[in-house]
>>> print(open('my_file_33.cif').read())   # mmCIF, C-alpha atoms
data_input
loop_
_atom_site.label_atom_id
_atom_site.label_comp_id
_atom_site.auth_asym_id
_atom_site.auth_seq_id
_atom_site.Cartn_x
_atom_site.Cartn_y
_atom_site.Cartn_z
CA GLY A 77 115.87 97.01 103.53
CA SER A 78 113.35 96.95 106.38
CA THR A 79 111.24 94.00 105.18
CA GLY A 80 113.13 91.42 107.20
CA LEU A 81 115.08 89.78 104.32
CA PRO A 82 118.30 91.80 103.91
CA LYS A 83 119.07 93.13 100.44
CA GLY A 84 121.74 95.60 99.41
CA VAL A 85 120.87 98.69 97.38
CA LEU A 86 123.79 100.13 95.41
CA LEU A 87 123.75 103.92 95.67
CA SER A 88 126.34 106.00 93.84
CA HIS A 89 128.06 109.17 94.95
CA ARG A 90 126.14 110.86 92.13
CA ASN A 91 122.84 109.73 93.75
CA LEU A 92 123.93 111.04 97.15
CA VAL A 93 125.28 114.35 95.87
CA ASN A 94 122.07 115.16 93.99
CA TYR A 95 119.99 114.12 96.99
CA THR A 96 122.07 116.07 99.52
CA LEU A 97 122.15 119.31 97.49
CA SER A 98 118.43 119.06 96.84
CA MET A 99 117.64 118.53 100.54
CA ILE A 100 119.91 121.43 101.57
CA ASP A 101 117.94 123.59 99.15
CA ASN A 102 114.56 122.44 100.52
CA LEU A 103 115.57 122.41 104.20
CA ASN A 104 117.37 125.77 103.94
CA CYS A 105 120.24 124.28 105.95
CA SER A 106 122.95 126.59 107.21
CA SER A 107 125.70 126.73 109.80
CA LYS A 108 123.14 128.25 112.20
CA ASP A 109 121.18 124.99 112.39
CA ARG A 110 121.36 122.45 115.20
CA VAL A 111 120.01 119.09 114.02
CA LEU A 112 118.88 116.31 116.37
CA GLN A 113 119.93 112.81 115.31
CA ILE A 114 117.23 110.26 116.24
CA SER A 115 117.35 107.49 113.59
CA ALA A 116 119.29 104.27 114.04
CA LEU A 117 122.47 103.87 111.99
CA GLY A 118 120.90 101.00 110.04
CA PHE A 119 117.95 103.10 108.84
CA ASP A 120 118.41 105.09 105.62
CA VAL A 121 116.80 108.17 107.21
CA ILE A 122 120.08 108.64 109.09
CA LEU A 123 121.42 110.06 105.79
CA GLU A 124 118.69 112.72 105.87
CA GLU A 125 119.80 113.75 109.34
CA LEU A 126 123.54 113.75 108.65
CA LEU A 127 124.39 114.62 105.04
CA PRO A 128 122.55 117.95 104.54
CA ALA A 129 123.74 119.11 107.96
CA TRP A 130 127.38 118.10 107.39
CA CYS A 131 127.48 119.69 103.95
CA SER A 132 126.07 123.01 105.15
CA GLY A 133 128.14 123.38 108.33
CA ALA A 134 125.29 122.69 110.75
CA THR A 135 125.76 121.12 114.20
CA ILE A 136 124.50 117.57 114.73
CA VAL A 137 123.34 116.74 118.27
CA LEU A 138 123.66 113.01 118.91
CA ASN A 139 120.98 111.20 120.90
CA ALA A 140 122.43 108.34 122.93
CA ASN A 141 119.16 107.38 124.66
CA GLY A 142 117.44 105.45 121.86
CA LEU A 143 113.69 105.88 121.50
CA LEU A 144 112.52 109.09 123.15
CA GLY A 145 109.25 109.65 124.99
CA SER A 146 107.45 112.96 124.44
CA GLU A 147 108.71 114.48 127.67
CA GLU A 148 112.30 113.42 126.96
CA LEU A 149 112.07 114.72 123.38
CA GLN A 150 110.73 118.10 124.49
CA ALA A 151 113.47 118.46 127.11
CA LEU A 152 116.19 117.62 124.58
CA LEU A 153 114.83 120.09 122.02
CA GLU A 154 114.84 122.87 124.62
CA GLN A 155 118.19 122.03 126.23
CA LYS A 156 120.11 121.63 122.97
CA LEU A 157 118.38 124.50 121.09
CA ILE A 158 117.45 122.19 118.21
CA THR A 159 116.35 124.01 115.03
CA TYR A 160 115.07 121.00 113.08
CA PHE A 161 114.79 117.20 113.30
CA GLU A 162 113.06 114.24 111.65
CA ILE A 163 110.57 111.94 113.38
CA SER A 164 108.06 109.25 112.41
CA VAL A 165 104.43 110.26 112.02
CA ALA A 166 103.43 108.04 114.95
CA GLN A 167 105.97 109.69 117.30
CA TRP A 168 105.07 113.15 116.04
CA ARG A 169 101.39 112.40 116.66
CA GLU A 170 102.08 111.35 120.24
CA TRP A 171 104.30 114.37 120.92
CA LEU A 172 101.64 116.72 119.50
CA ALA A 173 98.98 115.19 121.78
CA TRP A 174 101.37 115.51 124.76
CA LEU A 175 101.96 119.20 124.01
CA GLN A 176 98.28 119.98 123.63
CA LEU A 177 97.27 118.17 126.81
CA ARG A 178 99.64 120.38 128.78
CA GLY A 179 98.98 123.58 126.86
CA LEU A 180 102.66 123.69 125.84
CA THR A 181 104.35 124.75 122.62
CA PRO A 182 107.38 123.20 120.91
CA SER A 183 110.82 124.54 121.74
CA ALA A 184 111.26 128.22 120.79
CA SER A 185 114.41 127.36 118.81
CA LEU A 186 112.55 124.95 116.52
CA ARG A 187 111.83 126.11 112.95
CA LEU A 188 111.12 122.81 111.15
CA VAL A 189 109.93 119.26 111.84
CA ILE A 190 110.29 116.57 109.15
CA VAL A 191 107.88 113.63 109.18
CA GLY A 192 107.60 110.71 106.81
CA CYS A 193 106.83 107.07 106.13
CA GLU A 194 103.11 107.25 106.92
CA PRO A 195 100.03 109.28 105.92
CA ILE A 196 99.11 112.35 108.01
CA HIS A 197 95.51 112.96 109.02
CA VAL A 198 94.15 116.41 108.20
CA HIS A 199 92.93 117.03 111.77
CA LEU A 200 96.50 116.65 113.04
CA MET A 201 97.75 119.19 110.51
CA THR A 202 94.99 121.55 111.68
CA GLN A 203 96.27 121.23 115.24
CA TRP A 204 99.89 121.71 114.19
CA SER A 205 99.04 124.85 112.21
CA ASN A 206 98.53 126.64 115.55
CA TYR A 207 102.34 126.66 115.88
CA ASP A 208 104.49 128.85 113.65
CA ILE A 209 106.76 125.91 112.77
CA GLU A 210 107.10 124.38 109.32
CA LEU A 211 106.09 120.72 108.95
CA MET A 212 107.65 118.86 106.02
CA HIS A 213 106.08 115.60 104.83
CA VAL A 214 108.67 113.50 102.95
CA TYR A 215 108.32 110.38 100.83
CA GLY A 216 110.97 108.07 99.44
CA LEU A 217 112.65 104.69 99.36
CA THR A 218 116.18 103.41 99.80
CA GLU A 219 116.17 102.43 96.11
CA THR A 220 115.64 106.08 95.17
CA THR A 221 118.07 107.59 97.69
CA VAL A 222 115.92 108.14 100.79
CA THR A 223 113.58 110.95 99.69
CA SER A 224 111.98 111.54 96.30
CA SER A 225 109.24 114.06 97.04
CA LEU A 226 108.19 116.42 99.80
CA TRP A 227 105.42 118.75 100.86
CA SER A 228 105.75 121.78 103.10
CA SER A 229 103.07 123.04 105.46
CA TYR A 230 103.64 126.50 103.98
CA GLY A 231 101.34 125.13 101.28
CA TRP A 232 98.74 124.14 103.89
CA ASN A 233 95.16 124.67 102.86
CA GLY A 234 92.51 123.92 105.48
CA GLY A 235 90.27 122.54 102.72
CA MET A 236 92.62 119.68 101.80
CA ARG A 237 91.12 116.19 102.03
CA SER A 238 94.50 114.70 102.96
CA ILE A 239 98.14 115.70 103.33
CA PRO A 240 100.02 114.98 100.07
CA ILE A 241 103.53 113.62 99.66
CA GLY A 242 104.26 116.66 97.56
CA ARG A 243 106.41 117.39 94.54
CA PRO A 244 109.62 115.76 93.27
CA LEU A 245 113.08 116.76 94.48
CA ASN A 246 115.52 118.41 92.07
CA ASN A 247 116.36 116.23 89.02
CA THR A 248 113.76 113.65 90.07
CA ARG A 249 110.84 112.60 87.85
CA LEU A 250 107.62 111.00 89.12
CA TYR A 251 105.25 109.03 86.89
CA VAL A 252 101.80 107.73 87.81
CA VAL A 253 101.21 104.62 85.69
CA ASP A 254 98.03 102.59 85.15
CA PRO A 255 97.92 98.74 84.87
CA LYS A 256 98.36 99.01 81.07
CA ASN A 257 101.58 101.04 81.47
CA ARG A 258 99.95 104.30 80.42
CA LEU A 259 100.37 107.59 82.27
CA SER A 260 97.39 108.30 84.53
CA PRO A 261 95.77 111.73 84.27
CA VAL A 262 95.13 114.04 87.23
CA GLY A 263 92.88 112.43 89.84
CA VAL A 264 93.28 108.85 88.59
CA VAL A 265 95.09 106.34 90.82
CA GLY A 266 98.13 104.50 89.47
CA GLU A 267 101.45 103.01 90.56
CA LEU A 268 104.29 105.44 91.22
CA TYR A 269 107.43 105.03 89.07
CA ILE A 270 110.46 107.17 89.91
CA GLY A 271 113.18 108.35 87.52
CA GLY A 272 116.04 110.83 87.57
CA GLU A 273 119.36 111.28 89.31
CA GLU A 274 118.34 109.60 92.56
CA VAL A 275 117.43 106.18 91.16
CA SER A 276 120.03 103.71 92.44
CA ASP A 277 122.00 101.32 90.26
CA ARG A 278 120.55 97.97 91.31
CA TYR A 279 120.13 95.43 94.08
CA LEU A 280 123.42 93.73 94.93
CA ASN A 281 123.53 90.16 93.58
CA ARG A 282 119.74 90.13 93.04
CA GLU A 283 119.53 90.19 89.22
CA GLU A 284 115.95 88.89 88.99
CA LEU A 285 114.65 91.39 91.55
CA THR A 286 116.59 94.19 89.84
CA ALA A 287 115.11 93.35 86.44
CA ASN A 288 111.61 93.28 87.93
CA ARG A 289 111.81 96.63 89.75
CA PHE A 290 114.27 98.72 87.68
CA ILE A 291 112.94 99.15 84.13
CA ALA A 292 113.80 101.21 81.03
CA ASN A 293 111.86 104.49 80.88
CA PRO A 294 109.10 104.01 78.27
CA PHE A 295 107.99 107.64 78.50
CA LYS A 296 111.21 109.36 77.33
CA THR A 297 112.37 108.27 73.88
CA GLY A 298 116.04 108.46 73.00
CA VAL A 299 117.06 108.72 76.66
CA ASN A 300 118.91 105.92 78.45
CA GLU A 301 117.16 106.15 81.82
CA ARG A 302 115.73 103.61 84.19
CA LEU A 303 112.66 103.93 86.39
CA TYR A 304 112.06 102.31 89.75
CA LYS A 305 108.63 100.69 90.25
CA THR A 306 107.70 101.53 93.84
CA GLY A 307 104.57 99.40 94.28
CA ASP A 308 102.91 102.44 95.88
CA LEU A 309 99.55 103.72 94.63
CA VAL A 310 99.25 107.50 94.20
CA ARG A 311 97.38 110.14 92.21
CA TRP A 312 98.14 113.62 90.97
CA TRP A 313 96.31 116.66 92.26
CA GLY A 314 95.61 119.54 89.93
CA ASP A 315 98.19 121.70 91.72
CA GLY A 316 101.06 119.31 90.97
CA ASN A 317 101.13 117.53 94.35
CA LEU A 318 101.00 113.74 94.72
CA GLU A 319 98.61 112.00 97.11
CA PHE A 320 99.59 108.63 98.59
CA ILE A 321 96.78 106.05 98.41
CA GLY A 322 98.21 102.67 99.47
CA ARG A 323 100.15 99.63 98.27
CA VAL A 324 99.79 97.56 95.12
CA ASP A 325 100.49 94.42 97.13
CA ASP A 326 100.07 93.47 100.78
CA GLN A 327 103.07 95.47 101.93
CA VAL A 328 102.14 97.84 104.75
CA LYS A 329 103.97 100.26 106.99
CA ILE A 330 104.26 99.64 110.72
CA ARG A 331 105.78 102.53 112.69
CA GLY A 332 107.53 103.75 109.56
CA PHE A 333 108.94 100.37 108.48
CA ARG A 334 107.84 98.59 105.34
CA VAL A 335 106.47 95.17 106.26
CA GLU A 336 105.64 92.34 103.86
CA LEU A 337 102.79 90.44 105.51
CA GLY A 338 103.46 87.40 103.33
CA GLU A 339 107.01 87.21 104.65
CA ILE A 340 105.73 86.87 108.23
CA GLU A 341 103.27 84.19 107.11
CA ASN A 342 106.06 82.22 105.38
CA VAL A 343 108.20 82.22 108.53
CA LEU A 344 105.27 81.00 110.65
CA LEU A 345 104.50 78.25 108.13
CA GLU A 346 108.01 76.86 108.71
CA LEU A 347 106.56 75.47 111.96
CA GLU A 348 105.07 71.99 111.50
CA GLU A 349 102.40 72.68 114.12
CA ILE A 350 100.80 75.39 111.94
CA ARG A 351 98.63 74.29 109.04
CA ASP A 352 97.58 77.71 107.76
CA VAL A 353 98.08 81.33 108.71
CA VAL A 354 97.23 84.83 107.58
CA VAL A 355 98.70 88.02 109.01
CA VAL A 356 96.90 91.36 108.74
CA ALA A 357 97.61 94.88 109.91
CA ARG A 358 94.58 96.15 111.80
CA GLU A 359 94.07 99.88 112.20
CA ASP A 360 93.07 101.32 115.54
CA GLY A 361 93.26 104.76 117.11
CA ASP A 362 96.98 104.37 117.83
CA GLY A 363 98.09 103.11 114.41
CA LYS A 364 98.43 99.64 112.91
CA ARG A 365 98.89 96.39 114.83
CA LEU A 366 99.92 93.05 113.38
CA VAL A 367 97.47 90.22 114.07
CA ALA A 368 98.25 86.59 113.19
CA TYR A 369 95.34 84.20 112.53
CA ILE A 370 96.56 80.64 113.14
CA VAL A 371 95.04 77.35 111.99
CA PRO A 372 96.84 74.59 113.99
CA ALA A 373 97.91 71.39 112.26
CA LEU A 374 96.39 69.32 115.10
CA ALA A 375 92.93 69.40 116.60
CA GLU A 376 92.63 71.26 119.91
CA SER A 377 92.20 67.98 121.83
CA GLU A 378 95.52 66.67 120.43
CA VAL A 379 97.62 69.70 121.33
CA GLN A 380 99.77 69.09 124.40
CA LEU A 381 100.60 72.75 125.23
CA PRO A 382 98.27 75.58 126.29
CA GLN A 383 97.75 78.35 123.73
CA SER A 384 99.82 80.79 125.80
CA ALA A 385 102.84 78.49 125.48
CA LEU A 386 102.24 78.08 121.75
CA VAL A 387 102.16 81.86 121.29
CA SER A 388 105.48 82.19 123.14
CA HIS A 389 106.91 79.49 120.87
CA TYR A 390 105.67 81.27 117.71
CA LYS A 391 107.12 84.60 118.84
CA GLN A 392 110.47 83.03 119.67
CA HIS A 393 110.60 81.48 116.20
CA LEU A 394 109.71 84.78 114.50
CA LYS A 395 112.26 86.78 116.51
CA GLY A 396 114.97 84.42 115.31
CA LYS A 397 114.16 85.26 111.66
CA LEU A 398 112.62 88.75 111.60
CA PRO A 399 113.05 92.16 113.27
CA ASP A 400 110.84 92.93 116.28
CA TYR A 401 108.47 95.24 114.38
CA MET A 402 107.50 92.29 112.16
CA VAL A 403 106.49 90.05 115.08
CA PRO A 404 102.69 90.14 115.58
CA GLY A 405 101.51 91.09 119.05
CA ILE A 406 98.14 89.33 118.83
CA TYR A 407 97.40 85.68 117.88
CA ILE A 408 93.94 84.31 117.16
CA PHE A 409 93.37 80.55 116.77
CA LEU A 410 90.82 79.40 114.18
CA ASP A 411 89.59 76.00 112.99
CA SER A 412 89.88 77.28 109.40
CA LEU A 413 90.36 80.55 107.53
CA PRO A 414 87.27 82.16 105.99
CA LEU A 415 87.34 81.98 102.18
CA THR A 416 85.68 83.90 99.34
CA VAL A 417 83.79 82.13 96.56
CA ASN A 418 87.04 82.25 94.55
CA GLY A 419 88.86 80.29 97.24
CA LYS A 420 90.96 83.20 98.49
CA VAL A 421 91.20 84.17 102.14
CA ASP A 422 88.32 86.47 103.01
CA LYS A 423 90.20 88.96 105.18
CA LYS A 424 87.07 91.05 105.74
CA ASN A 425 85.51 88.15 107.65
CA LEU A 426 88.44 87.49 109.97
CA PRO A 427 87.30 88.06 113.58
CA GLU A 428 88.25 91.27 115.38
CA PRO A 429 90.74 90.79 118.23
CA LYS A 430 89.15 90.60 121.68
CA ALA A 431 90.59 90.66 125.16
CA ASP A 432 90.67 86.86 125.43
CA HIS A 433 92.77 86.63 122.27
CA ILE A 434 95.65 88.39 123.99
CA LEU A 435 97.07 85.70 126.18
CA ALA A 436 98.90 86.27 129.46
CA LYS A 437 100.03 84.34 132.52
CA SER A 438 97.77 83.72 135.47
CA TYR A 439 96.27 86.98 136.68
CA ILE A 440 97.93 88.67 139.67
CA PRO A 441 96.02 91.82 140.71
CA PRO A 442 97.72 95.12 141.61
CA ARG A 443 98.63 95.55 145.30
CA THR A 444 99.81 99.18 145.49
CA VAL A 445 98.56 102.52 144.23
CA SER A 446 101.30 102.68 141.58
CA GLU A 447 100.51 99.15 140.36
CA LYS A 448 96.81 100.02 140.16
CA ILE A 449 97.57 103.13 138.11
CA LEU A 450 99.79 101.19 135.71
CA CYS A 451 97.37 98.26 135.31
CA ASP A 452 94.51 100.67 134.52
CA LEU A 453 96.73 102.58 132.09
CA TRP A 454 97.82 99.41 130.29
CA CYS A 455 94.17 98.33 130.00
CA LYS A 456 93.23 101.61 128.32
CA THR A 457 96.29 101.77 126.06
CA LEU A 458 96.16 98.12 124.98
CA ARG A 459 92.34 98.02 124.93
CA LEU A 460 92.09 95.15 127.41
CA GLN A 461 89.59 94.43 130.15
CA GLN A 462 92.17 93.16 132.63
CA VAL A 463 95.94 93.39 133.13
CA GLY A 464 97.86 91.87 136.03
CA ILE A 465 101.24 92.87 137.43
CA SER A 466 103.01 89.83 135.93
CA ASP A 467 101.76 90.49 132.39
CA ASN A 468 104.39 91.55 129.84
CA PHE A 469 103.57 94.85 128.11
CA PHE A 470 105.01 93.78 124.75
CA ALA A 471 103.55 90.26 124.88
CA LEU A 472 100.12 91.88 125.29
CA GLY A 473 100.52 93.77 122.01
CA GLY A 474 102.54 96.77 123.17
CA ASP A 475 105.14 98.29 120.87
CA SER A 476 107.59 101.19 120.80
CA ILE A 477 104.95 103.80 119.93
CA LEU A 478 102.52 102.60 122.60
CA SER A 479 105.40 102.61 125.10
CA ILE A 480 105.82 106.34 124.44
CA GLN A 481 102.13 106.84 125.20
CA VAL A 482 102.32 104.82 128.43
CA SER A 483 105.37 106.75 129.62
CA SER A 484 103.72 110.11 128.87
CA ARG A 485 100.35 109.24 130.40
CA ALA A 486 101.88 107.63 133.49
CA SER A 487 103.83 110.82 134.24
CA GLN A 488 100.53 112.74 134.23
CA LEU A 489 99.33 110.38 136.96
CA GLY A 490 102.44 110.76 139.09
CA VAL A 491 104.27 107.59 138.04
CA ARG A 492 107.41 108.63 136.20
CA PHE A 493 109.67 106.38 134.09
CA SER A 494 111.39 106.60 130.71
CA VAL A 495 110.59 104.61 127.58
CA LYS A 496 113.99 102.97 127.94
CA GLN A 497 113.02 101.72 131.41
CA LEU A 498 109.80 100.18 130.09
CA PHE A 499 111.85 98.20 127.56
CA GLN A 500 114.16 97.18 130.40
CA TYR A 501 111.38 96.24 132.87
CA GLN A 502 108.50 94.91 130.82
CA THR A 503 106.08 93.78 133.58
#
>>> encode(input="my_file_33.cif", output="structure tokens")
Amino acid sequence: GSTGLPKGVLLSHRNLVNYTLSMIDNLNCSSKDRVLQISALGFDVILEELLPAWCSGATIVLNANGLLGSEELQALLEQKLITYFEISVAQWREWLAWLQLRGLTPSASLRLVIVGCEPIHVHLMTQWSNYDIELMHVYGLTETTVTSSLWSSYGWNGGMRSIPIGRPLNNTRLYVVDPKNRLSPVGVVGELYIGGEEVSDRYLNREELTANRFIANPFKTGVNERLYKTGDLVRWWGDGNLEFIGRVDDQVKIRGFRVELGEIENVLLELEEIRDVVVVAREDGDGKRLVAYIVPALAESEVQLPQSALVSHYKQHLKGKLPDYMVPGIYIFLDSLPLTVNGKVDKKNLPEPKADHILAKSYIPPRTVSEKILCDLWCKTLRLQQVGISDNFFALGGDSILSIQVSSRASQLGVRFSVKQLFQYQT
């Protein structure tokens, strides 16, 4: 799982065989294909890259360079004659912007790009439709064998209000269920339950969680089948496609990873110096960013350390318990959390992050042309008023997706470096 707390999902060979054959059918895989492997081995999407290709005789091109910037991705696609690959929506969005800025087109060998994990804005699909390359939007969970539904851009209609997550894979059944466990009609939002051959057996050694999420199918009498409750809110369209709406709970997706905000809050509350905390995912033009609102246990006059040192301490604690994508980049200190009349945290009244909330070391101005270019670029990308040459890109709120943007935009200004180098040299 990608929510920080490891849990094993028991998939069977039957699950994988049905999934693989269904994806081969939908991807039209053949021995002529050359598939680029991008996902990490610990991410279930690696199965989507490997299994359909292996079982149809396609060539898999391994990527040993980790996260790819747009320029590196384009070069690899062209050099290796890639025919299809899978990428997160955020990376795809950045690559599309990079192509359009330069008036370029994707590699001539490319016939298909698979994107998933996040919603796609209609205006991006409009831009992509200028290329004669299929875009496939996939949806699924590890518990239901990676992918449960998909939508192809061959069904693109410029009048769509959003890009759907499509129709179920072979031998997969999708149910939209209301709070009273009744099937929701077309156009009415409900929670997505998944049934069929791709539903996994259970969570390993997590009986209570298994019983809560894997339930007997109440909609098919006389059939011994279980459904998986996804916690995702969706609705049917009249044409048989599903539209993703959001989450039942506070779980969000950051760069394609499912993140439980409450889990981050619980880890922060392990620290005695924090009295209260709430973590939210704030949307901006470049995606979602995690922001932690901290209420210290001591009054400001009693705290011995400056806030910048406290933030470093919080991040160090979080990194010891959670993956990097679950560590907030921005920390805002409050005397108390705003509450509703019912006593719940009023998230709508939490203050917006400002430049002074993003703490850095003492300011050292740029001295060379290259440093000036980079400081200005970081200011624009991170939405800050001032960045010095000793400031850490990731401590200021940067992440892997923003690092791709910085690398791409810096090359336009004559300062060339890879995404990997930015991770290596962070100031």
>>> residues_around(input="my_file_33.cif", residues="stretch 143-149 of chain A", least_positions_apart="5", cutoff="6 Å", atoms="all atoms listed in the file", output="list of chain:residue names")
A:Trp171, A:Ile480, A:Val495
>>> closest_atom_pairs(input="my_file_33.cif", of="stretch 149-227 of chain A", to="stretch 114-134 of chain A", cutoff="8 Å", atoms="only C-alpha atoms", output="tab-separated table")
residue	atom	partner	partner_atom	distance
A:Phe161	CA	A:Glu125	CA	7.3
A:Glu162	CA	A:Glu125	CA	7.1
A:Ile163	CA	A:Ile114	CA	7.4
A:Thr218	CA	A:Asp120	CA	6.5
A:Val222	CA	A:Asp120	CA	6.2
>>> atom_distance(input="my_file_33.cif", atom1="atom CA of A:Tyr304", atom2="atom CA of A:Phe290")
4.7 Å
>>> resolve_selection(input="my_file_33.cif", expression="the PyMOL selection byres ((chain A and resi 441) around 7)", output="mmCIF file with C-alpha atoms, in the coordinates of the input")
data_model
loop_
_atom_site.group_PDB
_atom_site.id
_atom_site.type_symbol
_atom_site.label_atom_id
_atom_site.label_comp_id
_atom_site.auth_asym_id
_atom_site.auth_seq_id
_atom_site.Cartn_x
_atom_site.Cartn_y
_atom_site.Cartn_z
ATOM 1 C CA TYR A 439 96.270 86.980 136.680
ATOM 2 C CA ILE A 440 97.930 88.670 139.670
ATOM 3 C CA PRO A 442 97.720 95.120 141.610
ATOM 4 C CA ARG A 443 98.630 95.550 145.300
ATOM 5 C CA GLY A 464 97.860 91.870 136.030
ATOM 6 C CA ILE A 465 101.240 92.870 137.430
#
>>> closest_residue(input="my_file_33.cif", among="A:Asp467, A:Asp400, A:Glu284, A:Glu194", to="A:Glu447", atoms="all atoms listed in the file")
A:Asp467
>>> atom_distance(input="my_file_33.cif", atom1="atom CA of A:Asp422", atom2="atom CA of A:Ala166")
28.9 Å
>>> resolve_selection(input="my_file_33.cif", expression="the PyMOL selection byres ((chain A and resi 213) around 10)", output="list of chain:residue names")
A:Glu162, A:Val165, A:Val189, A:Ile190, A:Val191, A:Gly192, A:Cys193, A:Glu194, A:Pro195, A:Ile196, A:Glu210, A:Leu211, A:Met212, A:Val214, A:Tyr215, A:Ser225, A:Leu226, A:Trp227, A:Ser228, A:Ser229, A:Ile239, A:Pro240, A:Ile241, A:Gly242
>>> closest_residue(input="my_file_33.cif", among="A:Phe493, A:Tyr401, A:Trp174, A:Trp204", to="A:Ile340", atoms="only C-alpha atoms")
A:Tyr401
>>> closest_residue(input="my_file_33.cif", among="A:Arg358, A:Asn342, A:Asn141, A:Ile100", to="A:Gln497", atoms="only C-alpha atoms")
A:Asn141
>>> closest_residue(input="my_file_33.cif", among="A:Ser260, A:Thr503, A:Thr286, A:Asn317", to="A:Leu245", atoms="only C-alpha atoms")
A:Asn317
>>> atom_distance(input="my_file_33.cif", atom1="atom CA of A:Gln392", atom2="atom CA of A:Glu341")
14.5 Å
>>> closest_residue(input="my_file_33.cif", among="A:Leu472, A:Val445, A:Leu415, A:Leu426", to="A:Val355", atoms="only C-alpha atoms")
A:Leu426
>>> resolve_selection(input="my_file_33.cif", expression="the PyMOL selection byres ((chain A and resi 357) around 8)", output="list of chain:residue names")
A:Val328, A:Val355, A:Val356, A:Arg358, A:Glu359, A:Lys364, A:Arg365, A:Leu366, A:Val367
>>> residues_around(input="my_file_33.cif", residues="A:Ile209", least_positions_apart="4", cutoff="8 Å", atoms="only C-alpha atoms", output="JSON list (two decimals) with C-alpha atoms, in the coordinates of the input")
[["chain", "number", "residue", "atom", "x", "y", "z"],
["A", 186, "LEU", "CA", 112.55, 124.95, 116.52],
["A", 187, "ARG", "CA", 111.83, 126.11, 112.95],
["A", 188, "LEU", "CA", 111.12, 122.81, 111.15],
["A", 189, "VAL", "CA", 109.93, 119.26, 111.84],
["A", 205, "SER", "CA", 99.04, 124.85, 112.21]]
>>> closest_residue(input="my_file_33.cif", among="A:Leu410, A:Met402, A:Leu285, A:Ala486", to="A:Lys329", atoms="only C-alpha atoms")
A:Met402
>>> closest_atom_pairs(input="my_file_33.cif", of="stretch 171-284 of chain A", to="stretch 294-298 of chain A", cutoff="12 Å", atoms="only C-alpha atoms", output="tab-separated table")
residue	atom	partner	partner_atom	distance
A:Arg249	CA	A:Phe295	CA	11.0
A:Leu250	CA	A:Phe295	CA	11.1
A:Tyr251	CA	A:Phe295	CA	8.9
A:Val252	CA	A:Phe295	CA	11.2
A:Val253	CA	A:Phe295	CA	10.3
A:Asn257	CA	A:Pro294	CA	8.7
A:Arg258	CA	A:Phe295	CA	8.9
A:Leu259	CA	A:Phe295	CA	8.5
A:Tyr269	CA	A:Phe295	CA	10.9
A:Ile270	CA	A:Phe295	CA	11.7
A:Gly271	CA	A:Lys296	CA	10.4
A:Gly272	CA	A:Lys296	CA	11.4
>>> write_last_selection(input="my_file_33.cif", atoms="C-alpha atoms", output="mmCIF file, in the coordinates of the input")
data_model
loop_
_atom_site.group_PDB
_atom_site.id
_atom_site.type_symbol
_atom_site.label_atom_id
_atom_site.label_comp_id
_atom_site.auth_asym_id
_atom_site.auth_seq_id
_atom_site.Cartn_x
_atom_site.Cartn_y
_atom_site.Cartn_z
ATOM 1 C CA ARG A 249 110.840 112.600 87.850
ATOM 2 C CA LEU A 250 107.620 111.000 89.120
ATOM 3 C CA TYR A 251 105.250 109.030 86.890
ATOM 4 C CA VAL A 252 101.800 107.730 87.810
ATOM 5 C CA VAL A 253 101.210 104.620 85.690
ATOM 6 C CA ASN A 257 101.580 101.040 81.470
ATOM 7 C CA ARG A 258 99.950 104.300 80.420
ATOM 8 C CA LEU A 259 100.370 107.590 82.270
ATOM 9 C CA TYR A 269 107.430 105.030 89.070
ATOM 10 C CA ILE A 270 110.460 107.170 89.910
ATOM 11 C CA GLY A 271 113.180 108.350 87.520
ATOM 12 C CA GLY A 272 116.040 110.830 87.570
#
>>> residues_near_point(input="my_file_33.cif", point="(91.5, 110.9, 90.1)", cutoff="10 Å", atoms="only C-alpha atoms", output="short mmCIF file (atom, residue, chain, number, x, y, z; two decimals) with C-alpha atoms, in the coordinates of the input")
data_model
loop_
_atom_site.label_atom_id
_atom_site.label_comp_id
_atom_site.auth_asym_id
_atom_site.auth_seq_id
_atom_site.Cartn_x
_atom_site.Cartn_y
_atom_site.Cartn_z
CA SER A 260 97.39 108.30 84.53
CA PRO A 261 95.77 111.73 84.27
CA VAL A 262 95.13 114.04 87.23
CA GLY A 263 92.88 112.43 89.84
CA VAL A 264 93.28 108.85 88.59
CA VAL A 265 95.09 106.34 90.82
CA GLY A 266 98.13 104.50 89.47
CA VAL A 310 99.25 107.50 94.20
CA ARG A 311 97.38 110.14 92.21
CA TRP A 312 98.14 113.62 90.97
CA TRP A 313 96.31 116.66 92.26
CA GLY A 314 95.61 119.54 89.93
#
